[in-house]
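**Student:** Just passing along the structure, written as structure tokens.
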Amino acid sequence: MEFFPYEIDRRWAALFAVLRVKETDGVELTDDGMFRAVFGRSHVDTPISNVMEAKVTGPHRWFKAVGLRQSLSNDGLTFGTNHRRGVMVEFVERVPKVVGLRDHSSLWVSVADPDGLVAALTR
């Protein structure tokens, strides 16, 4: 198993408390081939084989990158704890909706080691 915790920007601690985001939340790649991202009470579970692409992105505007949200321009999902850097994970098959009205074709996660997560997903 590999675990990639979020890089939490303390300026948004009150928001993360409301969302119930904990220090132990993050992205887990399990030994049985699953991708699991946990963000408070929200989560995405899908086989790693469903990951089409993963790339490091950022910095972003804080209001587009911090918190739990669905993009207004597409069906992408954000699990954001900072706006500096993260990983955009694109899926072959959409994952079940977490927020919004549609299933999600991508997920942006602000893990502390974005380069490490991309390397692990693209092996």
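Every chain in the structure tokens takes a letter, A first, then B, and so on in the order presented; its residues are numbered from 1, and the ligands are numbered from 1 following the presented order.
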If you run DSSP on this backbone, which residues of chain A come out as strand (DSSP E or B), and could you give them as a PyMOL selection string?
**Tutor:** chain A and resi 2-6+26-29+34-39+42-47+51-57+67-70+77-80+86-95+104-109+111
**Student:** Quick one: contact table of range 76-122 of chain A to range 5-8 of chain A, 7 Å max, nearest atom pair and distance in Å to one decimal per residue, counting only C-alpha atoms, chain and number order, as CSV?
**Tutor:**
```
residue,atom,partner,partner_atom,distance
A:Thr81,CA,A:Ile8,CA,4.9
A:Asn82,CA,A:Ile8,CA,6.0
A:Ser110,CA,A:Tyr6,CA,5.7
A:Val111,CA,A:Tyr6,CA,3.9
A:Ala112,CA,A:Glu7,CA,4.3
```
**Student:** Measuring between only C-alpha atoms, which one of A:Thr57, A:Ser42, A:Thr30, A:Ser49 shows the shortest distance to Lys97 in chain A?
**Tutor:** A:Ser42
**Student:** Determine the nearest neighbour of Ala13 in chain A from the options A:Thr78, A:Pro59, A:Gly116, A:Val66, counting only C-alpha atoms.
**Tutor:** A:Val66
**Student:** Find the residues around Glu2 in chain A up to 9 Å (only C-alpha atoms counted), leave out those fewer than 3 positions away in its own chain, and share them as a compact mmCIF listing (two decimals) with N, CA and C atoms, in the first residue's frame.
**Tutor:**
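Writing done, so here's around-v8.txt:
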```txt
# COMPACT_ATOMS: atom_id res chain seq x y z
N VAL A 27 -4.79 10.14 -0.26
CA VAL A 27 -4.98 9.17 -1.35
C VAL A 27 -4.21 7.91 -1.01
N GLU A 28 -4.90 6.79 -1.14
CA GLU A 28 -4.30 5.49 -0.88
C GLU A 28 -4.36 4.64 -2.14
N LEU A 29 -3.22 4.03 -2.47
CA LEU A 29 -3.17 3.05 -3.56
C LEU A 29 -2.98 1.71 -2.88
N THR A 30 -3.99 0.87 -2.95
CA THR A 30 -3.97 -0.37 -2.18
C THR A 30 -3.23 -1.48 -2.91
N ASP A 31 -2.85 -2.48 -2.15
CA ASP A 31 -2.14 -3.64 -2.72
C ASP A 31 -3.03 -4.44 -3.66
N LEU A 117 2.81 10.82 -6.22
CA LEU A 117 1.53 10.21 -6.60
C LEU A 117 1.47 9.98 -8.10
N ALA A 120 3.57 6.98 -8.95
CA ALA A 120 2.94 5.74 -8.53
C ALA A 120 1.78 5.34 -9.44
```
**Student:** For Ala37 in chain A, which residue out of A:Pro114, A:Asp25, A:Asp75, A:Arg85 is the nearest one, using only C-alpha atoms?
**Tutor:**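 Of the candidates, the smallest distance to Ala37 in chain A is held by A:Asp25.
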**Student:** Based on the backbone DSSP call, show me all residues of chain A assigned alpha helix (DSSP H), as a PyMOL selection string.
**Tutor:** chain A and resi 13-19+62-65+114-121
**Student:** A:Asp9, A:Asp103, A:Asp32, A:Asp115: which is nearest Ala54 in chain A, counting only C-alpha atoms?
**Tutor:**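 That would be A:Asp115, the residue with the smallest distance to Ala54 in chain A.
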